[in-house]
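Novice: I'd like to ask you about the structure that follows.
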Amino acid sequence: MTDNMRNKGKIWAAGIGLAAIIAMVFGVYQYEVKRQQQIDDARIQVEIGIMQFKQKDYEGALQTLRATPEVGIQDWRNPYYQGVSLVQLNNYEEAVVALEEAWSLNQADEDIPFALAVAYFKLGNLSLAKSYFHAVTKLNPENADAKGLMDIMANLERIQPGETAADVTPPDESKEDTSQ
């Protein structure tokens, strides 16, 4: 074999290797472009779900947010708005699951523990409700709603043994018109 033929063989092998590298890089690029598009689509879907919630379409918000693909985004707002939608729909058991996930992703937003406290209160779990209202006041000592609800719960803790918060009718609902 001549040196010229050997050089042509080396050039041919280098060309094939280069083509393989280019194909691999292009494949990775296509994958990343597709993945980024999926992430962008998921973020848009979360925004649509939040908009539906703000328009008081809780069922629609829940459906949209649940259909959001999990493509590597850790957006606490998705489970948060699922949770508060479930609270609005009186599904407290599922609400606490979603809200606990939101809380694990973001412990800086006082709305999350507030919603958790409300959901646990509605489930009759005064202890957890109280601890989450306490978390709200740690994040924002000026939160008057959380302080007021903690006072109400302190009064509820003095109820007869065996009763739960779910058994107690709030004062404004228990008053019947007896003036007649």
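By convention in this document, the chains of the structure tokens carry letters A, B, ... by their order, each chain's residues are numbered from 1, and ligands are numbered from 1 in the order they are shown.
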Which residues, written as a PyMOL selection string, have at least one atom at most 8 Å from segment 96-103 of chain A, with only C-alpha atoms counted and residues fewer than 3 positions away on the same chain left out?
Specialist: chain A and resi 76-80+82-84+92-93+106-107+112-113+115-116+119-120
Novice: List every residue of segment 82-166 of chain A that DSSP, applied to the backbone, labels as alpha helix (DSSP H), and write the result as a ChimeraX atom specification.
Specialist: /A:82-88,92-105,111-122,126-139,144-156
Novice: Got a sec: who's within 8 Å of segment 141-156 of chain A, counting only C-alpha atoms, leaving out chain neighbours fewer than 3 positions off, as a list in words?
Specialist: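 Counting only C-alpha atoms, the residues come to Phe114, Leu126, Lys130, Phe133, His134, Val136, Thr137, Lys138, Ile159 and Ala165 of chain A.
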Novice: Go through A:Asp40, A:Glu59, A:Glu157, A:Asp3 and flag the residue nearest Asn91 of chain A, using only C-alpha atoms for the distances.
Specialist: A:Glu59
Novice: For a test of reading the model, state the distance in Å between atom CA of Leu123 of chain A and atom CA of Leu105 of chain A, rounded to one decimal.
Specialist: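 Computing it gives 23.1 Å between the two atoms.
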Novice: Go through A:Ala108, A:Ala117, A:Lys54, A:Ser127 and flag the residue nearest Asn140 of chain A, using only C-alpha atoms for the distances.
Specialist: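 Nearest candidate to Asn140 of chain A out of A:Ala108, A:Ala117, A:Lys54, A:Ser127: A:Ala108.
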Novice: Would you work out the distance separating atom CA of Asn7 of chain A from atom CA of Ile21 of chain A, expressed in Å to one decimal?
Specialist: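 Straight-line distance from atom CA of Asn7 of chain A to atom CA of Ile21 of chain A works out to 20.8 Å.
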Novice: Calculated over only C-alpha atoms, which of the candidates A:Leu139, A:Ala14, A:Leu89, A:Val25 has the smallest distance to Lys56 of chain A?
Specialist: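 Ranked by minimum distance to Lys56 of chain A, first place goes to A:Leu89.
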Novice: Between A:Gln55, A:Gln30, A:Gln36, A:Ser104, single out the one closest to Ser85 of chain A, counting only C-alpha atoms.
Specialist: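 Of A:Gln55, A:Gln30, A:Gln36, A:Ser104, the one nearest Ser85 of chain A, counting only C-alpha atoms, is A:Gln55.
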Novice: Quick one: residues within 10 Å of Glu70 of chain A, only C-alpha atoms, excluding same-chain residues fewer than 3 positions away - as a list in words?
Specialist: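 Using only C-alpha atoms, the neighbours found are Gln38, Ile39, Ala42, Arg66, Ala67, Ile73, Gln74 and Asp75 of chain A.
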Novice: Contacts of Thr64 of chain A at 7 Å or less, counting only C-alpha atoms, minus same-chain residues fewer than 4 places along, as a CSV table (one decimal) with C-alpha atoms, in the first residue's frame?
Specialist:
chain,number,residue,atom,x,y,z
A,45,GLN,CA,-50.2,25.3,31.2
A,49,GLY,CA,-54.5,26.9,35.5
A,60,GLY,CA,-61.1,23.9,35.3
A,68,THR,CA,-49.5,19.6,33.2
